[in-house]
file query_12.txt (compact mmCIF, C-alpha atoms)
# COMPACT_ATOMS: atom_id res chain seq x y z
CA MET A 25 -24.03 -3.22 8.64
CA LEU A 26 -21.18 -0.71 8.80
CA HIS A 27 -19.72 -0.30 5.31
CA ALA A 28 -16.69 1.88 6.06
CA SER A 29 -15.70 -0.65 8.69
CA PRO A 30 -12.35 -0.79 10.50
CA PHE A 31 -11.76 -4.19 8.89
CA ILE A 32 -12.08 -2.86 5.33
CA LEU A 33 -10.02 0.23 6.06
CA ASP A 34 -7.27 -1.94 7.56
CA PHE A 35 -7.62 -4.38 4.64
CA MET A 36 -6.81 -1.64 2.13
CA LYS A 37 -3.91 -0.47 4.26
CA LYS A 38 -2.50 -4.00 4.60
CA TYR A 39 -2.17 -4.31 0.82
CA SER A 40 -0.92 -0.73 0.35
CA TYR A 41 -3.70 0.30 -2.00
CA PRO A 42 -2.87 3.49 -3.93
CA ALA A 43 -4.00 6.64 -2.13
CA GLU A 44 -6.41 7.59 -4.91
CA ALA A 45 -8.15 4.20 -4.56
CA VAL A 46 -8.35 4.37 -0.76
CA THR A 47 -9.84 7.86 -0.95
CA LEU A 48 -12.45 6.90 -3.54
CA PHE A 49 -13.45 3.59 -1.96
CA THR A 50 -13.70 5.17 1.49
CA LYS A 51 -15.90 7.90 0.02
CA VAL A 52 -18.27 5.31 -1.48
CA LEU A 53 -18.36 3.23 1.70
CA THR A 54 -19.01 6.29 3.86
CA ARG A 55 -21.78 7.39 1.53
CA LEU A 56 -23.36 3.96 1.93
CA ASP A 57 -23.35 4.52 5.69
CA ASP A 58 -24.86 7.99 5.31
CA ASP A 59 -27.51 7.25 2.67
CA PRO A 60 -30.12 4.63 3.74
CA ASP A 61 -31.57 4.20 0.24
CA PHE A 62 -28.13 3.69 -1.30
CA ALA A 63 -27.29 1.15 1.42
CA ARG A 64 -30.63 -0.66 1.08
CA ARG A 65 -30.15 -1.22 -2.65
CA PHE A 66 -26.48 -2.18 -2.29
CA ASP A 67 -27.02 -4.50 0.67
CA ALA A 68 -29.87 -6.29 -1.10
CA LEU A 69 -27.46 -7.26 -3.89
CA ARG A 70 -24.81 -8.25 -1.39
CA GLU A 71 -27.21 -10.50 0.54
CA SER A 72 -28.57 -11.98 -2.68
CA TYR A 73 -25.04 -12.94 -3.71
CA LEU A 74 -24.29 -14.47 -0.30
CA ALA A 75 -27.52 -16.47 -0.61
CA GLY A 76 -26.24 -18.03 -3.81
CA THR A 77 -27.26 -15.76 -6.69
CA VAL A 78 -24.82 -16.20 -9.56
CA PHE A 79 -22.61 -13.19 -10.19
CA ASP A 80 -24.06 -12.41 -13.60
CA ASP A 81 -26.53 -9.88 -14.94
CA LYS A 82 -28.83 -10.49 -11.97
CA ILE A 83 -26.19 -8.82 -9.82
CA LEU A 84 -24.24 -6.77 -12.34
CA ASN A 85 -27.09 -4.92 -14.03
CA PRO A 86 -28.61 -3.47 -10.84
CA LEU A 87 -25.13 -2.88 -9.38
CA HIS A 88 -24.10 -0.87 -12.44
CA LEU A 89 -27.42 0.97 -12.44
CA LEU A 90 -26.71 1.88 -8.84
CA ALA A 91 -23.25 3.11 -9.83
CA THR A 92 -24.77 5.33 -12.52
CA SER A 93 -27.38 6.68 -10.09
CA TYR A 94 -24.65 7.88 -7.73
CA ALA A 95 -22.20 8.99 -10.44
CA TYR A 96 -19.60 6.29 -9.82
CA SER A 97 -17.84 4.13 -12.37
CA PRO A 98 -19.25 0.60 -12.61
CA TYR A 99 -15.65 -0.60 -12.15
CA THR A 100 -15.47 1.23 -8.83
CA MET A 101 -18.82 -0.11 -7.66
CA ASP A 102 -17.80 -3.66 -8.55
CA PHE A 103 -14.67 -3.32 -6.45
CA VAL A 104 -16.57 -1.88 -3.47
CA PHE A 105 -18.95 -4.83 -3.77
CA TRP A 106 -16.07 -7.27 -3.33
CA LEU A 107 -14.55 -5.20 -0.54
CA SER A 108 -17.85 -5.42 1.34
CA LEU A 109 -17.54 -9.22 1.33
CA THR A 110 -13.95 -9.54 2.56
CA GLU A 111 -14.69 -9.80 6.28
CA ASP A 112 -17.47 -12.31 5.71
CA LEU A 113 -15.09 -14.42 3.61
CA LYS A 114 -12.46 -14.37 6.34
CA GLU A 115 -15.04 -15.77 8.76
CA ARG A 116 -16.00 -18.50 6.28
CA TYR A 117 -12.35 -19.45 5.87
CA ALA A 118 -12.04 -19.83 9.62
CA ALA A 119 -15.22 -21.91 9.79
CA ALA A 120 -13.87 -24.20 7.05
CA GLY A 121 -10.54 -24.63 8.84
CA ILE A 122 -8.56 -22.87 6.11
CA SER A 123 -5.54 -20.99 7.39
CA GLU A 124 -5.56 -17.23 7.68
CA ARG A 125 -2.35 -17.13 5.64
CA VAL A 126 -4.17 -18.64 2.66
CA TYR A 127 -6.92 -16.06 3.08
CA TRP A 128 -4.49 -13.15 2.91
CA GLU A 129 -2.59 -14.67 -0.02
CA THR A 130 -5.84 -15.21 -1.89
CA MET A 131 -7.18 -11.73 -1.23
CA SER A 132 -3.98 -10.17 -2.56
CA ASP A 133 -5.46 -10.69 -6.02
CA LEU A 134 -7.88 -7.82 -5.44
CA ARG A 135 -4.90 -5.48 -5.46
CA CYS A 136 -3.73 -6.96 -8.76
CA LYS A 137 -7.14 -6.32 -10.32
CA LEU A 138 -7.20 -2.81 -8.84
CA LEU A 139 -3.86 -1.87 -10.37
CA GLU A 140 -4.87 -3.39 -13.71
CA CYS A 141 -8.03 -1.27 -13.73
CA ILE A 142 -6.18 1.92 -12.86
CA GLU A 143 -3.67 1.20 -15.64
CA CYS A 144 -6.13 0.11 -18.34
CA LYS A 145 -9.29 2.07 -17.48
CA GLY A 146 -7.92 5.05 -15.61
CA VAL A 147 -10.15 4.57 -12.57
CA PRO A 148 -9.83 2.58 -9.32
CA GLY A 149 -11.93 -0.56 -9.54
CA THR A 150 -12.01 -3.86 -11.39
CA PHE A 151 -13.08 -4.61 -14.95
CA THR A 152 -13.31 -8.40 -14.57
CA ASN A 153 -15.53 -10.80 -12.63
CA TRP A 154 -12.50 -12.85 -11.59
CA ALA A 155 -13.05 -12.33 -7.84
CA ASP A 156 -16.20 -14.46 -7.94
CA GLY A 157 -14.16 -17.68 -7.76
CA PHE A 158 -12.45 -16.50 -4.58
CA PHE A 159 -15.63 -15.48 -2.81
CA ARG A 160 -17.33 -18.74 -3.82
CA MET A 161 -14.35 -20.47 -2.17
CA GLN A 162 -13.58 -22.34 -5.38
CA ARG A 163 -10.16 -20.77 -6.05
CA PHE A 164 -7.31 -20.30 -3.56
CA ALA A 165 -3.85 -18.79 -3.66
CA TYR A 166 -0.83 -20.71 -2.41
CA GLY A 167 2.13 -18.42 -2.80
CA ARG A 168 2.60 -17.06 -6.32
CA PHE A 169 -0.23 -18.92 -8.06
CA GLN A 170 -3.99 -19.42 -7.70
CA TYR A 171 -5.51 -22.90 -7.88
CA GLU A 172 -8.88 -24.52 -8.48
CA LEU A 173 -10.17 -27.96 -9.42
CA ALA A 174 -11.00 -28.54 -13.07
CA THR A 175 -12.06 -31.39 -15.35
CA PHE A 176 -10.04 -32.55 -18.34
CA ASN A 177 -12.72 -32.15 -21.01
CA TRP A 178 -10.99 -33.36 -24.15
CA HIS A 179 -12.76 -36.04 -26.20
CA TYR A 180 -9.68 -38.25 -26.06
CA GLY A 181 -6.94 -39.06 -23.58
CA VAL A 182 -3.36 -37.82 -23.47
CA VAL A 183 -0.33 -39.95 -22.59
CA MET A 184 2.32 -37.86 -20.86
CA ARG A 185 6.05 -38.47 -21.22
CA SER A 186 6.09 -40.27 -17.89
CA GLY A 187 3.50 -42.72 -19.27
CA PHE A 188 0.72 -41.24 -17.14
CA LEU A 189 -2.62 -41.35 -18.97
CA VAL A 190 -4.95 -38.37 -18.62
CA ARG A 191 -8.47 -39.49 -19.50
CA PRO A 192 -11.50 -37.40 -20.47
CA GLY A 193 -13.31 -36.51 -17.25
CA ASP A 194 -10.20 -36.74 -15.06
CA THR A 195 -9.71 -34.10 -12.38
CA TYR A 196 -6.69 -31.85 -12.45
CA VAL A 197 -5.65 -28.74 -10.51
CA ASN A 198 -5.93 -25.75 -12.77
CA PHE A 199 -3.87 -22.71 -11.85
CA HIS A 200 -3.52 -19.06 -12.75
CA ILE A 201 -0.78 -16.46 -12.64
CA PRO A 202 -1.87 -13.16 -11.09
CA SER A 203 -0.17 -9.95 -12.17
CA SER A 204 1.54 -9.47 -8.82
CA GLY A 205 4.89 -8.65 -10.37
CA VAL A 206 6.66 -11.36 -8.35
CA PRO A 207 9.28 -12.89 -10.69
CA LEU A 208 8.61 -16.46 -11.82
CA ILE A 209 11.96 -17.76 -10.58
CA ASP A 210 12.37 -21.46 -9.77
CA GLU A 211 12.16 -20.99 -6.01
CA VAL A 212 8.94 -18.99 -6.21
CA ARG A 213 7.25 -21.39 -8.62
CA PHE A 214 8.16 -24.57 -6.77
CA THR A 215 7.30 -23.16 -3.36
CA SER A 216 3.81 -22.51 -4.70
CA TYR A 217 3.54 -25.98 -6.27
CA ARG A 218 4.56 -27.60 -2.99
CA GLU A 219 2.01 -25.64 -0.96
CA ALA A 220 -0.77 -26.44 -3.41
CA TYR A 221 0.26 -30.10 -3.44
CA LYS A 222 -0.41 -30.35 0.30
CA HIS A 223 -3.92 -29.05 -0.22
CA TYR A 224 -4.89 -31.29 -3.15
CA VAL A 225 -2.85 -34.49 -2.81
CA ASP A 226 -5.63 -36.43 -1.05
CA LEU A 227 -7.68 -36.18 -4.26
CA PHE A 228 -5.01 -38.09 -6.20
CA PRO A 229 -4.66 -41.72 -4.99
CA GLU A 230 -1.19 -42.25 -6.49
CA GLY A 231 0.25 -39.28 -4.56
CA LYS A 232 1.07 -37.30 -7.68
CA VAL A 233 -0.97 -34.18 -8.33
CA LEU A 234 -1.84 -33.33 -11.92
CA PHE A 235 -1.48 -29.59 -12.47
CA GLY A 236 -2.63 -27.73 -15.56
CA CYS A 237 -2.50 -24.21 -16.88
CA SER A 238 -3.92 -22.39 -19.90
CA SER A 239 -2.21 -19.06 -20.46
CA TRP A 240 -0.69 -16.63 -22.92
CA LEU A 241 2.52 -17.19 -20.96
CA LEU A 242 2.63 -20.75 -22.32
CA PHE A 243 2.78 -19.64 -25.96
CA PRO A 244 5.62 -21.90 -27.17
CA ARG A 245 6.90 -19.41 -29.73
CA HIS A 246 8.12 -17.36 -26.77
CA ARG A 247 11.24 -19.48 -27.20
CA GLU A 248 11.81 -17.71 -30.51
CA PHE A 249 11.65 -14.09 -29.38
CA LEU A 250 11.91 -13.78 -25.61
CA PRO A 251 15.45 -13.64 -24.20
CA GLU A 252 16.52 -16.95 -22.70
CA ARG A 253 17.17 -15.29 -19.33
CA MET A 254 13.49 -14.36 -18.91
CA ASN A 255 11.61 -16.33 -16.26
CA ILE A 256 8.71 -16.93 -18.65
CA ARG A 257 11.02 -19.24 -20.58
CA SER A 258 11.73 -21.28 -17.43
CA PHE A 259 8.04 -21.38 -16.57
CA ILE A 260 7.19 -22.90 -19.96
CA GLU A 261 9.68 -25.69 -19.35
CA ASP A 262 7.72 -26.85 -16.28
CA PHE A 263 5.00 -28.15 -18.61
CA GLU A 264 4.25 -30.71 -21.23
CA LEU A 265 2.43 -28.54 -23.74
CA ILE A 266 -0.72 -30.35 -24.79
CA SER A 267 -2.05 -27.74 -27.19
CA TRP A 268 -1.34 -24.22 -28.38
CA SER A 269 -2.67 -21.76 -30.89
CA GLU A 270 -2.02 -18.41 -32.52
CA SER A 271 -4.61 -15.69 -33.01
CA GLU A 272 -5.08 -12.77 -35.36
CA LYS A 273 -5.72 -10.47 -32.41
CA PHE A 274 -3.54 -10.39 -29.30
CA ASP A 275 -6.38 -10.49 -26.76
CA ASN A 276 -3.94 -10.49 -23.87
CA ALA A 277 -2.06 -7.42 -25.08
CA TRP A 278 -3.39 -5.42 -22.12
CA ARG A 279 -1.44 -7.74 -19.82
CA VAL A 280 1.79 -6.62 -21.49
CA PHE A 281 1.05 -3.09 -22.65
CA GLY A 282 -1.71 -1.91 -20.31
CA LYS A 283 -3.51 1.17 -21.63
CA TYR A 284 -1.39 1.12 -24.78
CA ALA A 285 -2.64 -2.30 -25.88
CA ASN A 286 -4.64 -1.04 -28.84
CA LEU A 287 -1.82 0.93 -30.43
CA PRO A 288 -0.32 -0.36 -33.69
CA PRO A 289 2.85 -2.43 -33.12
CA GLU A 290 5.23 0.29 -34.24
CA LYS A 291 3.84 2.64 -31.58
CA LEU A 292 3.80 0.21 -28.68
CA PRO A 293 6.02 1.15 -25.72
CA ARG A 294 9.36 -0.64 -25.50
CA ASP A 295 10.32 0.38 -21.97
CA THR A 296 10.74 -3.16 -20.58
CA THR A 297 12.38 -6.30 -21.93
CA LEU A 298 9.00 -8.02 -22.34
CA ARG A 299 7.37 -5.06 -24.04
CA ARG A 300 10.31 -4.58 -26.38
CA ALA A 301 10.36 -8.26 -27.37
CA TYR A 302 6.62 -8.35 -27.98
CA ALA A 303 6.48 -5.04 -29.83
CA ASP A 304 9.29 -6.13 -32.17
CA TRP A 305 7.67 -9.55 -32.70
CA LEU A 306 4.29 -8.06 -33.58
CA ALA A 307 5.83 -5.31 -35.73
CA ALA A 308 7.56 -8.02 -37.77
CA GLY A 309 4.12 -9.41 -38.65
CA HIS A 310 4.10 -12.35 -36.25
CA LYS A 311 1.10 -13.44 -34.21
CA ALA A 312 0.65 -13.89 -30.48
CA GLY A 313 -1.02 -16.89 -28.92
CA SER A 314 -1.45 -19.11 -25.89
CA GLY A 315 -0.90 -22.66 -24.75
CA PHE A 316 -2.28 -25.34 -22.45
CA GLY A 317 0.09 -27.55 -20.47
CA LEU A 318 0.11 -30.22 -17.79
CA PHE A 319 2.63 -31.64 -15.35
CA LEU A 320 2.68 -34.20 -12.55
CA PHE A 321 4.10 -33.15 -9.20
CA ASP A 322 5.15 -35.55 -6.44
CA GLY A 323 5.41 -32.98 -3.69
CA GLU A 324 9.00 -31.96 -4.41
CA LYS A 325 9.61 -32.19 -8.13
CA ILE A 326 7.94 -32.46 -11.50
CA VAL A 327 7.64 -36.08 -12.65
CA MET A 328 8.89 -36.35 -16.22

call {"tool": "encode", "arguments": {"input": "query_12.txt", "output": "structure tokens"}}
result
Amino acid sequence: MLHASPFILDFMKKYSYPAEAVTLFTKVLTRLDDDPDFARRFDALRESYLAGTVFDDKILNPLHLLATSYAYSPYTMDFVFWLSLTEDLKERYAAAGISERVYWETMSDLRCKLLECIECKGVPGTFTNWADGFFRMQRFAYGRFQYELATFNWHYGVVMRSGFLVRPGDTYVNFHIPSSGVPLIDEVRFTSYREAYKHYVDLFPEGKVLFGCSSWLLFPRHREFLPERMNIRSFIEDFELISWSESEKFDNAWRVFGKYANLPPEKLPRDTTLRRAYADWLAAGHKAGSGFGLFLFDGEKIVM
């Protein structure tokens, strides 16, 4: 196979990858084309993954060993691995009758992970295994958010304000918020909900889709320290919060502060409204946390 293919080069251009990333990834892909042993080892892992091998140490360990052998960062090699699968995934989308628009929206997450890696690790690549769900065709993007089926695994049921009973073992549509930078305004959120509803409604006999989200964004104490005008506050109000917790360590600090996440609170940057609010909150001795929420959607509005 051709690694530095026109498709991949156009793919990076379509999403406006940073020049440093394009240069590095193109260098790796071209080297794969020029070095048969490098390509043989890389392609064996690629084909193993496509044949169903779980993206765990069976793939990661030899992939990272390969990165070390050729003096590349493991983060960079991971990203090139996913890039090498993008054209194949597009063909599988077409075969499954999934629109090309959904493909391009879904693949936009690679850029999010790329920018996160550059910010937090100082090198083009990815430091998470998040892309696996996309390439397994288990997670899809519809507008601003990414969605996948999940099972409500509590040991007891939950009665929502509308009277709807969520039972252990029930299916819901779990969703995630990529770091695309698109503001979480009402129009953006509800456009995404409506698009996802069309995809999943047939799985819900009553015509109301149960959506769920577990995220640091749903930390209810945001109401205490984030300005009311912030879109995060509006996003929280979409949900019935089912559970939430605080933690001694702010594990999601990198999502707010990037490479500065491990600094003490008094030294955290305060160059945005969110950073300033969080830095002041943490400096005052408060904890961060996360929440899990649900809501029913009838195709146009949230059912309360």

call {"tool": "residues_around", "arguments": {"input": "query_12.txt", "residues": "stretch 32-44 of chain A", "least_positions_apart": "3", "cutoff": "12 Å", "atoms": "all atoms listed in the file", "output": "ChimeraX atom specification"}}
result
/A:26-29,47-51,53-54,100,103-112,114,127-139,142-143,146-149,204

call {"tool": "closest_atom_pairs", "arguments": {"input": "query_12.txt", "of": "stretch 132-210 of chain A", "to": "stretch 238-243 of chain A", "cutoff": "9 Å", "atoms": "only C-alpha atoms", "output": "CSV"}}
result
residue,atom,partner,partner_atom,distance
A:Asn198,CA,A:Ser238,CA,8.1
A:Phe199,CA,A:Ser238,CA,8.1
A:His200,CA,A:Ser239,CA,7.8
A:Ile201,CA,A:Ser239,CA,8.4

call {"tool": "residues_around", "arguments": {"input": "query_12.txt", "residues": "stretch 246-249 of chain A", "least_positions_apart": "3", "cutoff": "8 Å", "atoms": "only C-alpha atoms", "output": "list in words"}}
result
Leu242, Phe243, Glu252, Arg257, Ala301, Tyr302 and Trp305 of chain A

call {"tool": "closest_residue", "arguments": {"input": "query_12.txt", "among": "A:Gly323, A:Lys283, A:His223, A:Met161", "to": "A:Glu115", "atoms": "only C-alpha atoms"}}
result
A:Met161

call {"tool": "atom_distance", "arguments": {"input": "query_12.txt", "atom1": "atom CA of A:Arg168", "atom2": "atom CA of A:Ser216"}}
result
5.8 Å
